[in-house]
>>> print(open('target-v2.txt').read())   # compact mmCIF, C-alpha atoms (C1' of nucleotides)
# COMPACT_ATOMS: atom_id res chain seq x y z
CA MET A 5 0.00 0.00 0.00
CA LYS A 6 1.58 3.15 -1.25
CA LYS A 7 1.23 6.55 0.34
CA ASN A 8 -0.45 9.15 -1.81
CA ILE A 9 1.88 12.07 -1.29
CA LYS A 10 0.79 15.62 -1.95
CA LYS A 11 3.48 17.37 -3.93
CA PHE A 12 4.43 21.03 -3.70
CA SER A 13 6.87 21.42 -6.53
CA ARG A 14 7.71 24.83 -7.87
CA SER A 15 5.64 25.35 -10.98
CA PRO A 16 3.41 28.03 -12.43
CA GLN A 17 0.50 25.67 -11.69
CA CYS A 18 1.04 25.46 -7.93
CA PRO A 19 -0.63 28.48 -6.31
CA ILE A 20 0.81 27.65 -2.91
CA ARG A 21 4.39 27.67 -4.15
CA ASN A 22 3.58 30.77 -6.18
CA VAL A 23 2.60 32.65 -3.06
CA LEU A 24 4.96 31.05 -0.53
CA ASP A 25 7.94 31.72 -2.79
CA ARG A 26 7.02 35.38 -2.76
CA PHE A 27 6.58 35.59 1.02
CA GLY A 28 9.63 33.47 1.68
CA ASP A 29 11.77 36.57 1.73
CA LYS A 30 12.88 38.47 4.76
CA TRP A 31 10.48 41.42 4.87
CA SER A 32 7.21 40.98 2.93
CA ILE A 33 4.99 39.59 5.67
CA LEU A 34 6.29 42.10 8.18
CA VAL A 35 5.67 45.07 5.86
CA ILE A 36 2.10 43.91 5.23
CA LEU A 37 1.59 43.51 8.96
CA VAL A 38 2.92 47.00 9.68
CA LEU A 39 0.71 48.61 7.05
CA GLY A 40 -2.26 46.56 8.19
CA GLU A 41 -1.86 47.69 11.78
CA ASN A 42 -1.08 51.34 11.11
CA GLY A 43 -2.96 52.23 7.91
CA THR A 44 -1.43 54.76 5.53
CA MET A 45 2.26 55.36 6.13
CA ARG A 46 5.17 57.19 4.55
CA PHE A 47 8.39 55.45 3.55
CA ASN A 48 10.49 56.63 6.48
CA GLU A 49 7.66 55.89 8.88
CA ILE A 50 7.61 52.25 7.82
CA ASN A 51 11.38 52.18 8.00
CA LYS A 52 11.43 53.43 11.60
CA THR A 53 8.56 51.20 12.64
CA ILE A 54 10.44 48.10 11.59
CA GLY A 55 13.77 49.47 12.69
CA ASP A 56 16.22 47.04 11.16
CA VAL A 57 15.25 46.90 7.51
CA SER A 58 17.65 48.58 5.08
CA GLN A 59 16.40 51.38 2.85
CA LYS A 60 17.30 49.33 -0.17
CA MET A 61 15.35 46.24 0.87
CA LEU A 62 12.36 48.27 2.02
CA THR A 63 12.24 49.83 -1.44
CA VAL A 64 12.52 46.44 -3.14
CA THR A 65 9.92 44.85 -0.87
CA LEU A 66 7.41 47.66 -1.34
CA ARG A 67 7.85 47.54 -5.14
CA THR A 68 7.25 43.80 -5.16
CA LEU A 69 4.16 44.10 -2.98
CA GLU A 70 2.93 46.86 -5.26
CA ALA A 71 3.48 44.64 -8.31
CA ASP A 72 1.51 41.88 -6.59
CA GLY A 73 -1.33 44.30 -5.99
CA LEU A 74 -1.09 44.08 -2.21
CA VAL A 75 0.15 47.60 -1.56
CA ALA A 76 -0.80 50.93 -3.16
CA ARG A 77 1.83 53.63 -3.62
CA GLN A 78 0.95 57.30 -3.94
CA VAL A 79 3.57 59.89 -4.82
CA PHE A 80 3.00 63.55 -3.96
CA PRO A 81 4.92 65.92 -6.22
CA GLU A 82 6.53 67.91 -3.43
CA ILE A 83 10.03 68.67 -2.31
CA PRO A 84 11.26 67.03 -0.25
CA PRO A 85 9.26 64.13 -1.72
CA ARG A 86 6.33 62.51 0.02
CA VAL A 87 5.25 58.96 -0.79
CA GLU A 88 2.43 57.20 0.99
CA TYR A 89 1.81 53.48 1.17
CA GLN A 90 -1.27 51.55 2.19
CA LEU A 91 -2.74 48.09 1.77
CA THR A 92 -5.06 47.52 -1.17
CA HIS A 93 -8.30 45.60 -0.76
CA LEU A 94 -6.37 42.46 -1.71
CA GLY A 95 -3.68 43.25 0.84
CA MET A 96 -6.27 43.76 3.55
CA SER A 97 -7.88 40.44 2.74
CA LEU A 98 -4.60 38.82 3.71
CA MET A 99 -4.46 40.49 7.12
CA PRO A 100 -6.67 38.07 9.09
CA HIS A 101 -4.46 35.20 8.01
CA ILE A 102 -1.27 36.99 9.01
CA HIS A 103 -2.94 37.94 12.26
CA SER A 104 -3.74 34.32 12.84
CA LEU A 105 -0.02 33.58 12.48
CA THR A 106 1.07 36.33 14.85
CA THR A 107 -1.46 35.31 17.47
CA TRP A 108 0.01 31.82 17.35
CA ALA A 109 3.47 33.39 17.67
CA ASP A 110 2.40 35.30 20.78
CA GLN A 111 0.93 32.21 22.37
CA ASN A 112 3.74 29.81 21.58
CA ILE A 113 6.94 31.82 21.69
CA ASN A 114 7.76 30.60 25.18
CA GLU A 115 7.53 26.96 24.23
CA ILE A 116 9.71 27.65 21.19
CA LYS A 117 12.31 29.47 23.25
CA THR A 118 12.43 26.68 25.81
CA SER A 119 12.88 24.16 23.03
CA ARG A 120 15.71 26.17 21.47
CA GLU A 121 17.57 26.30 24.76
CA LYS A 122 17.24 22.57 25.36
CA PHE A 123 18.49 21.85 21.87
CA MET A 124 21.66 23.87 22.35
CA VAL A 125 22.90 21.61 25.13
CA MET B 28 -2.61 64.91 16.71
CA LYS B 29 0.06 62.26 16.50
CA LYS B 30 -0.47 58.76 15.23
CA ASN B 31 0.15 56.04 17.75
CA ILE B 32 2.26 53.68 15.68
CA LYS B 33 2.66 50.03 16.60
CA LYS B 34 6.30 49.10 16.36
CA PHE B 35 7.72 45.74 15.33
CA SER B 36 11.40 46.17 16.02
CA ARG B 37 13.65 43.19 16.32
CA SER B 38 14.13 42.45 19.96
CA PRO B 39 13.95 39.46 22.29
CA GLN B 40 10.76 41.01 23.67
CA CYS B 41 8.81 41.02 20.40
CA PRO B 42 7.29 37.58 19.90
CA ILE B 43 6.08 38.42 16.42
CA ARG B 44 9.53 39.33 15.18
CA ASN B 45 10.92 36.33 17.03
CA VAL B 46 8.74 34.02 15.02
CA LEU B 47 8.57 35.89 11.71
CA ASP B 48 12.35 36.15 11.61
CA ARG B 49 12.58 32.39 11.83
CA PHE B 50 10.02 31.78 9.08
CA GLY B 51 11.47 34.47 6.87
CA ASP B 52 13.77 31.96 5.27
CA LYS B 53 13.21 30.10 2.05
CA TRP B 54 11.95 26.69 3.19
CA SER B 55 10.57 26.53 6.75
CA ILE B 56 6.89 27.15 6.07
CA LEU B 57 6.89 24.82 3.10
CA VAL B 58 8.52 21.98 5.05
CA ILE B 59 5.94 22.34 7.83
CA LEU B 60 3.17 22.31 5.25
CA VAL B 61 4.53 19.18 3.58
CA LEU B 62 4.84 17.31 6.88
CA GLY B 63 1.43 18.53 7.95
CA GLU B 64 -0.22 17.25 4.79
CA ASN B 65 1.61 13.93 4.54
CA GLY B 66 2.35 12.89 8.13
CA THR B 67 5.54 10.97 8.88
CA MET B 68 8.10 11.19 6.09
CA ARG B 69 11.69 10.19 5.40
CA PHE B 70 14.34 12.68 4.37
CA ASN B 71 14.42 11.81 0.68
CA GLU B 72 10.65 11.68 0.58
CA ILE B 73 10.42 15.29 1.74
CA ASN B 74 13.15 16.22 -0.69
CA LYS B 75 11.27 14.74 -3.66
CA THR B 76 7.95 16.16 -2.54
CA ILE B 77 9.31 19.69 -2.62
CA GLY B 78 11.47 19.03 -5.64
CA ASP B 79 13.70 22.08 -5.71
CA VAL B 80 15.18 22.28 -2.24
CA SER B 81 18.85 21.36 -1.95
CA GLN B 82 19.91 18.54 0.36
CA LYS B 83 21.98 20.97 2.34
CA MET B 84 19.17 23.43 2.97
CA LEU B 85 16.67 20.69 3.74
CA THR B 86 19.05 19.41 6.40
CA VAL B 87 19.54 22.89 7.85
CA THR B 88 15.82 23.68 7.77
CA LEU B 89 14.84 20.41 9.45
CA ARG B 90 17.46 20.92 12.19
CA THR B 91 16.18 24.42 12.87
CA LEU B 92 12.57 23.25 13.02
CA GLU B 93 13.67 20.47 15.35
CA ALA B 94 15.44 22.99 17.58
CA ASP B 95 12.27 25.09 17.67
CA GLY B 96 10.30 22.03 18.72
CA LEU B 97 8.11 22.00 15.63
CA VAL B 98 9.45 18.82 14.08
CA ALA B 99 10.47 15.49 15.64
CA ARG B 100 13.35 13.51 14.18
CA GLN B 101 13.71 9.77 14.65
CA VAL B 102 16.81 7.91 13.54
CA PHE B 103 16.67 4.15 12.92
CA PRO B 104 20.05 2.43 13.34
CA GLU B 105 19.99 0.67 9.99
CA ILE B 106 22.15 0.64 6.93
CA PRO B 107 21.48 2.38 4.68
CA PRO B 108 20.20 4.84 7.29
CA ARG B 109 16.56 5.64 7.82
CA VAL B 110 15.43 8.91 9.40
CA GLU B 111 11.80 9.82 9.88
CA TYR B 112 10.37 13.28 10.44
CA GLN B 113 6.98 14.37 11.65
CA LEU B 114 5.35 17.42 13.17
CA THR B 115 5.25 17.67 16.94
CA HIS B 116 2.12 18.74 18.76
CA LEU B 117 3.44 22.31 18.59
CA GLY B 118 4.10 21.97 14.87
CA MET B 119 0.60 20.66 14.28
CA SER B 120 -0.91 23.57 16.19
CA LEU B 121 0.62 25.83 13.56
CA MET B 122 -0.96 23.97 10.64
CA PRO B 123 -4.41 25.63 10.65
CA HIS B 124 -2.75 29.01 10.40
CA ILE B 125 -0.54 27.97 7.52
CA HIS B 126 -3.56 26.38 5.90
CA SER B 127 -5.39 29.65 6.24
CA LEU B 128 -2.54 31.27 4.31
CA THR B 129 -2.52 28.67 1.54
CA THR B 130 -6.28 28.81 1.13
CA TRP B 131 -5.93 32.53 0.62
CA ALA B 132 -3.17 31.82 -1.90
CA ASP B 133 -5.42 29.45 -3.84
CA GLN B 134 -8.25 31.95 -3.93
CA ASN B 135 -6.21 35.00 -4.84
CA ILE B 136 -3.38 33.79 -7.06
CA ASN B 137 -5.20 34.89 -10.21
CA GLU B 138 -5.63 38.43 -9.02
CA ILE B 139 -1.97 38.54 -8.03
CA LYS B 140 -0.83 37.21 -11.40
CA THR B 141 -2.98 39.72 -13.24
CA SER B 142 -1.52 42.49 -11.14
CA ARG B 143 2.04 41.32 -11.79
CA GLU B 144 1.46 41.37 -15.54
CA LYS B 145 -0.03 44.83 -15.51
CA PHE B 146 2.90 46.12 -13.45
CA MET B 147 5.46 44.86 -15.93
CA VAL B 148 4.17 47.14 -18.70
C1' DT C 21 25.99 80.11 -0.05
C1' DT C 22 25.33 76.21 2.48
C1' DA C 23 22.59 72.86 5.09
C1' DT C 24 18.41 70.18 5.38
C1' DT C 25 14.96 67.04 3.92
C1' DA C 26 12.48 62.38 2.00
C1' DA C 27 12.80 58.89 -0.83
C1' DG C 28 15.19 56.83 -3.16
C1' DT C 29 19.78 54.67 -6.15
C1' DT C 30 24.50 52.80 -6.57
C1' DA C 31 28.89 50.34 -5.65
C1' DC C 32 30.68 47.38 -2.63
C1' DT C 33 30.66 43.76 1.21
C1' DT C 34 28.58 40.10 3.89
C1' DT C 35 25.29 36.45 4.54
C1' DT C 36 22.37 32.94 2.78
C1' DG C 37 21.48 29.36 -0.31
C1' DG C 38 22.82 26.12 -4.34
C1' DT C 39 26.00 22.49 -6.64
C1' DA C 40 28.49 18.65 -6.90
C1' DA C 41 31.42 15.51 -4.87
C1' DG C 42 32.66 12.78 -0.83
C1' DT C 43 31.50 9.75 3.50
C1' DC C 44 29.85 5.63 5.98
C1' DA C 45 28.76 0.63 6.55
C1' DA C 46 26.15 -3.24 5.13
C1' DA C 47 23.88 -6.02 1.63
C1' DG C 48 23.64 -7.62 -3.11
C1' DA C 49 25.83 -8.27 -7.68
C1' DT C 50 29.83 -9.86 -10.39
C1' DA D 8 36.74 -11.13 -2.86
C1' DT D 9 36.01 -6.84 -4.85
C1' DC D 10 32.53 -3.49 -6.79
C1' DT D 11 28.23 -1.13 -6.62
C1' DT D 12 24.24 0.57 -4.46
C1' DT D 13 21.69 2.81 -0.84
C1' DG D 14 20.04 7.06 2.35
C1' DA D 15 21.13 10.67 4.97
C1' DC D 16 23.94 13.38 5.44
C1' DT D 17 28.89 16.76 5.11
C1' DT D 18 32.14 19.67 2.81
C1' DA D 19 34.32 22.91 -0.41
C1' DC D 20 33.31 25.88 -3.56
C1' DC D 21 30.16 29.19 -6.24
C1' DA D 22 25.89 32.18 -6.96
C1' DA D 23 22.15 34.95 -5.25
C1' DA D 24 20.01 37.83 -1.73
C1' DA D 25 20.46 41.27 1.61
C1' DG D 26 23.22 44.91 4.33
C1' DT D 27 26.19 49.36 4.41
C1' DA D 28 27.37 53.73 3.40
C1' DA D 29 27.78 57.25 0.20
C1' DC D 30 25.46 59.79 -3.48
C1' DT D 31 21.28 62.18 -5.88
C1' DT D 32 17.53 65.66 -6.42
C1' DA D 33 15.29 70.23 -5.92
C1' DA D 34 13.01 73.43 -2.95
C1' DT D 35 13.17 75.81 1.29
C1' DA D 36 15.41 77.71 5.61
C1' DA D 37 19.52 79.54 7.89
>>> encode(input="target-v2.txt", output="structure tokens")
Amino acid sequence: MKKNIKKFSRSPQCPIRNVLDRFGDKWSILVILVLGENGTMRFNEINKTIGDVSQKMLTVTLRTLEADGLVARQVFPEIPPRVEYQLTHLGMSLMPHIHSLTTWADQNINEIKTSREKFMV
Amino acid sequence: MKKNIKKFSRSPQCPIRNVLDRFGDKWSILVILVLGENGTMRFNEINKTIGDVSQKMLTVTLRTLEADGLVARQVFPEIPPRVEYQLTHLGMSLMPHIHSLTTWADQNINEIKTSREKFMV
DNA sequence: TTATTAAGTTACTTTTGGTAAGTCAAAGAT
DNA sequence: ATCTTTGACTTACCAAAAGTAACTTAATAA
């Protein structure tokens, strides 16, 4: 009796890989979370809120999220420049699921930390 | 009137960053998903199921998940060796939340793809 | 005239991940 | 009796992703 294994190979046909590959970077989920919690924000505001993201990677991450239709970018023709970011409808629809992840994180971080310490020995 | 911005700086005190930082690598979420869907699996079985993960990174990812207490590793003293992996109770408790993400992915991949194409122009 | 400001970009360095070959010990093939 | 195969890794080396710090731009303030 052979196991019927569900595959998750990278391919244009696998929606899960399509999305996980995109979020499997260092900053995407966090940027969505920050915009979801705080609403409309300017570039430097996001930067300070996260604290340890580089300007370069914040730019790249926001552009990618914009391309995916998760984040809207509005440029005001002023000097010094002003650029505002916010979640689109699609981006907001992702929030509950990210929230569900962070709630789990809150509840289970202690068990994870304990496990990490034990493992080190 | 000043906005009251929720911060998500990296620090031992922020459980969300603690967990997101760990999953912000290329393979962790996918490996959990694969084990969650298929139950107990051997190393090469996981490797084939994903398809494009390198042996090296699968080893590293599994060790990290083991250290976090999300995955259990059982070695059978045979030759050639046999090593079985499965989610722990903690790992399984994460599954519904990952599932919630992948369901969203399934439902919204078309809108994302459309958006990506438009952005390229 | 010079400094400041916000949102970037660029050149360069470091970290993370991929590739391909090597290891180990027993069982099966030649 | 030696040679190959097997599964789960390591290791040395190479490529890709992310970090760092300096530079850009144009209006306003000092």
>>> closest_residue(input="target-v2.txt", among="D:DC16, D:DA28, D:DA22, D:DA36", to="chain B", atoms="all atoms listed in the file")
D:DC16
>>> closest_atom_pairs(input="target-v2.txt", of="chain B", to="chain A", cutoff="6 Å", atoms="only C-alpha atoms", output="CSV")
residue,atom,partner,partner_atom,distance
B:Lys34,CA,A:Thr53,CA,4.8
B:Phe35,CA,A:Ile54,CA,5.2
B:Ser36,CA,A:Ile54,CA,4.9
B:Pro42,CA,A:Asp110,CA,5.5
B:Ile43,CA,A:Thr106,CA,5.7
B:Val46,CA,A:Ala109,CA,5.9
B:Gly51,CA,A:Lys30,CA,4.7
B:Asp52,CA,A:Gly28,CA,5.7
B:Lys53,CA,A:Gly28,CA,4.9
B:Thr76,CA,A:Lys11,CA,4.8
B:Ile77,CA,A:Ser13,CA,4.9
B:Gly78,CA,A:Ser13,CA,5.3
B:Ala94,CA,A:Arg120,CA,5.0
B:Asp95,CA,A:Ile116,CA,5.0
B:Gly96,CA,A:Ser119,CA,5.5
B:His124,CA,A:Leu105,CA,5.7
B:Ser127,CA,A:His101,CA,5.9
B:Leu128,CA,A:His101,CA,5.7
B:Thr129,CA,A:Ile20,CA,5.7
B:Ala132,CA,A:Ile20,CA,5.9
B:Asp133,CA,A:Pro19,CA,5.5
B:Ile139,CA,A:Asp72,CA,5.0
B:Ser142,CA,A:Gly73,CA,5.5
B:Arg143,CA,A:Ala71,CA,5.0
B:Phe146,CA,A:Ala71,CA,5.4
>>> closest_atom_pairs(input="target-v2.txt", of="chain D", to="chain B", cutoff="12 Å", atoms="only C-alpha atoms (C1' of nucleotides)", output="Markdown table")
| residue | atom | partner | partner_atom | distance |
| --- | --- | --- | --- | --- |
| D:DT12 | C1' | B:Pro107 | CA | 9.7 |
| D:DT13 | C1' | B:Pro107 | CA | 5.5 |
| D:DG14 | C1' | B:Pro108 | CA | 5.4 |
| D:DA15 | C1' | B:Pro108 | CA | 6.3 |
| D:DC16 | C1' | B:Thr86 | CA | 7.8 |
| D:DT17 | C1' | B:Lys83 | CA | 8.6 |
| D:DT18 | C1' | B:Lys83 | CA | 10.3 |
| D:DA24 | C1' | B:Lys53 | CA | 11.0 |
>>> atom_distance(input="target-v2.txt", atom1="CA of Glu111 in chain B", atom2="CA of Ala99 in chain B")
8.2 Å
>>> interface_residues(input="target-v2.txt", of="chain C", to="chain A", cutoff="9 Å", atoms="all atoms listed in the file", output="count of residues only")
5
>>> decode(input="target-v2.txt", residues="chain C", atoms="C-alpha atoms (C1' of nucleotides)", output="mmCIF file, in the first residue's frame")
data_model
loop_
_atom_site.group_PDB
_atom_site.id
_atom_site.type_symbol
_atom_site.label_atom_id
_atom_site.label_comp_id
_atom_site.auth_asym_id
_atom_site.auth_seq_id
_atom_site.Cartn_x
_atom_site.Cartn_y
_atom_site.Cartn_z
ATOM 1 C "C1'" DT C 21 25.990 80.108 -0.047
ATOM 2 C "C1'" DT C 22 25.332 76.207 2.477
ATOM 3 C "C1'" DA C 23 22.590 72.856 5.086
ATOM 4 C "C1'" DT C 24 18.415 70.177 5.383
ATOM 5 C "C1'" DT C 25 14.964 67.038 3.922
ATOM 6 C "C1'" DA C 26 12.476 62.377 1.996
ATOM 7 C "C1'" DA C 27 12.798 58.892 -0.831
ATOM 8 C "C1'" DG C 28 15.187 56.833 -3.158
ATOM 9 C "C1'" DT C 29 19.782 54.666 -6.153
ATOM 10 C "C1'" DT C 30 24.504 52.801 -6.574
ATOM 11 C "C1'" DA C 31 28.892 50.341 -5.649
ATOM 12 C "C1'" DC C 32 30.677 47.378 -2.630
ATOM 13 C "C1'" DT C 33 30.660 43.757 1.215
ATOM 14 C "C1'" DT C 34 28.578 40.099 3.891
ATOM 15 C "C1'" DT C 35 25.289 36.450 4.540
ATOM 16 C "C1'" DT C 36 22.370 32.944 2.784
ATOM 17 C "C1'" DG C 37 21.478 29.360 -0.308
ATOM 18 C "C1'" DG C 38 22.822 26.117 -4.341
ATOM 19 C "C1'" DT C 39 25.997 22.487 -6.644
ATOM 20 C "C1'" DA C 40 28.485 18.651 -6.903
ATOM 21 C "C1'" DA C 41 31.422 15.515 -4.869
ATOM 22 C "C1'" DG C 42 32.656 12.779 -0.831
ATOM 23 C "C1'" DT C 43 31.504 9.754 3.498
ATOM 24 C "C1'" DC C 44 29.853 5.629 5.979
ATOM 25 C "C1'" DA C 45 28.764 0.627 6.552
ATOM 26 C "C1'" DA C 46 26.150 -3.235 5.131
ATOM 27 C "C1'" DA C 47 23.881 -6.021 1.634
ATOM 28 C "C1'" DG C 48 23.645 -7.617 -3.111
ATOM 29 C "C1'" DA C 49 25.829 -8.267 -7.677
ATOM 30 C "C1'" DT C 50 29.834 -9.860 -10.389
#
